[in-house]
Amino acid sequence: MKEDERREALENIELIKELVLQTKKHVDSYGGGIISIIWGVFCFVGVAGQRLVIPHGPLMGVWWTALVVAAIFASILVSQRYHKTQPVGAQHRYIRYFLRFWLPFLLLGYTLIFFIALSPSLSNHYISIVMLLVISTGYLIIGLLFFRGILYMGSIGYVGTIFSAIYFLEYSDIILGSLFGVGLIITGLVINKQWKNT
Amino acid sequence: MEEHIAVRLNKAIHQKARLGIMSILMALEEAEFNYLKERLKLTDGNLSSHLSLLEKEKYIKIKKKFVRKKPKTLCQITDIGRQAFEEYLENLEKIISSKP
């Protein structure tokens, strides 16, 4: 066997590996950066509204629900725009994964919030704590199973939420809203940069 | 006399651009013309000729459809194409592991 034939075979195998890996990575992170930024802004707007516009009462639930619906709608819109020049096979994959993964978590979050609202002994501050613990758990699972890069977001979120709940319960929504908001925006920028480089 | 392994390499796949097309389709099953063009940095004409060759070998299927009133050309890998690609890979591995 000639040495140049072996070298060419090796080069071709490397090319195939690289293309398959890059393609999967490229498709998996479709629009993920922009969506992450949307959810980062969602955190800031949510906490600002909670503190400044609707400080107490049942309207808080309506405010967060409306924001969640708006953020989901914006995420789907961004995802569809990103697919204009992308493979059709992968077009709805991201949206499908997104909804299948996060809807049960949102359901869990809202159920827990419902029980907190029912029990008079628990402060409303626990609402943001519970919601952020649920979201952090989601990030931890995504990080462990799919993207290692997102693991830090889940870990910081989880530890930060517990720390705030113990030491700064009064201001936990401001601290956690900022933490998650900044974290998500940075994650979005990193994903965008990686996506453009693949 | 036994055939040389390098001779057994599938000529339809053993070309950088077509190898790229097949690799992407192996990963995605189906991809749009513009996506392949963008990823492989090929011109329209160049990509079309490579796709035609692969289609002639029945390794891929080319479908045209309208998405939101805009025409889209979709390329999908076939079972024959998948099998041919796997055989091609096996032959590459044999070349690499063969004694000099």
# chains A, B, ... in the order shown; residues from 1 in each chain; ligands from 1
>>> select_by_dssp(residues="chain B", states="helix (DSSP H, G or I)", output="PyMOL selection string")
chain B and resi 5-8+16-28+33-40+44-56+79-97
>>> interface_residues(of="chain B", to="chain A", cutoff="6 Å", atoms="only C-alpha atoms", output="PyMOL selection string")
chain B and resi 23-24+27+30-32+35+92+95-96+100
>>> atom_distance(atom1="atom CA of Ile76 of chain A", atom2="atom CA of Leu145 of chain A")
22.7 Å
>>> residues_around(residues="Ser48 of chain B", least_positions_apart="6", cutoff="12 Å", atoms="only C-alpha atoms", output="list of chain:residue names")
B:Ala17, B:Arg18, B:Ile21, B:Phe33, B:Asn34, B:Leu36, B:Lys37, B:Leu42, B:Leu54, B:Glu55, B:Ile62, B:Thr73, B:Leu74, B:Cys75
>>> write_last_selection(atoms="C-alpha atoms", output="short mmCIF file (atom, residue, chain, number, x, y, z; two decimals), in the first residue's frame")
data_model
loop_
_atom_site.label_atom_id
_atom_site.label_comp_id
_atom_site.auth_asym_id
_atom_site.auth_seq_id
_atom_site.Cartn_x
_atom_site.Cartn_y
_atom_site.Cartn_z
CA ALA B 17 -17.05 18.17 -2.53
CA ARG B 18 -19.17 15.02 -2.86
CA ILE B 21 -22.20 16.61 0.70
CA PHE B 33 -29.40 23.45 -1.36
CA ASN B 34 -28.42 26.85 0.06
CA LEU B 36 -24.95 22.88 1.49
CA LYS B 37 -23.68 25.73 -0.68
CA LEU B 42 -19.36 25.89 -3.45
CA LEU B 54 -25.01 11.66 -6.63
CA GLU B 55 -28.65 11.61 -7.68
CA ILE B 62 -33.64 15.87 -4.80
CA THR B 73 -34.45 22.51 -3.13
CA LEU B 74 -34.05 19.70 -0.65
CA CYS B 75 -31.48 16.97 -0.82
#
>>> select_by_dssp(residues="chain B", states="strand (DSSP E or B)", output="list in words")
Glu30, Ala31, Glu32, Ile60, Lys61, Ile62, Lys63, Lys64, Lys65, Phe66, Val67, Lys70, Pro71, Lys72, Thr73, Leu74, Cys75, Gln76 and Ile77 of chain B
>>> residues_around(residues="Tyr110 of chain A", least_positions_apart="6", cutoff="12 Å", atoms="only C-alpha atoms", output="PyMOL selection string")
chain A and resi 61-62+64-65+68+103-104+116-117+127-128+130-132+134-135
>>> residues_around(residues="Glu57 of chain B", least_positions_apart="5", cutoff="9 Å", atoms="only C-alpha atoms", output="list in words")
Ala12, Ser52, Ile80 and Gly81 of chain B
>>> atom_distance(atom1="atom CA of Ser97 of chain B", atom2="atom CA of Leu25 of chain B")
26.5 Å
>>> residues_around(residues="Asp79 of chain B", least_positions_apart="4", cutoff="10 Å", atoms="only C-alpha atoms", output="list in words")
Lys58, Tyr59, Ile60, Gln83, Ala84 and Phe85 of chain B
>>> atom_distance(atom1="atom CA of Ile38 of chain A", atom2="atom CA of Thr161 of chain A")
20.7 Å
>>> residues_around(residues="segment 171-188 of chain A", least_positions_apart="2", cutoff="10 Å", atoms="only C-alpha atoms", output="MDAnalysis selection string")
chainID A and resid 31:48 50:51 125:129 132 135:136 149:150 152:154 156:157 160:169 190:194
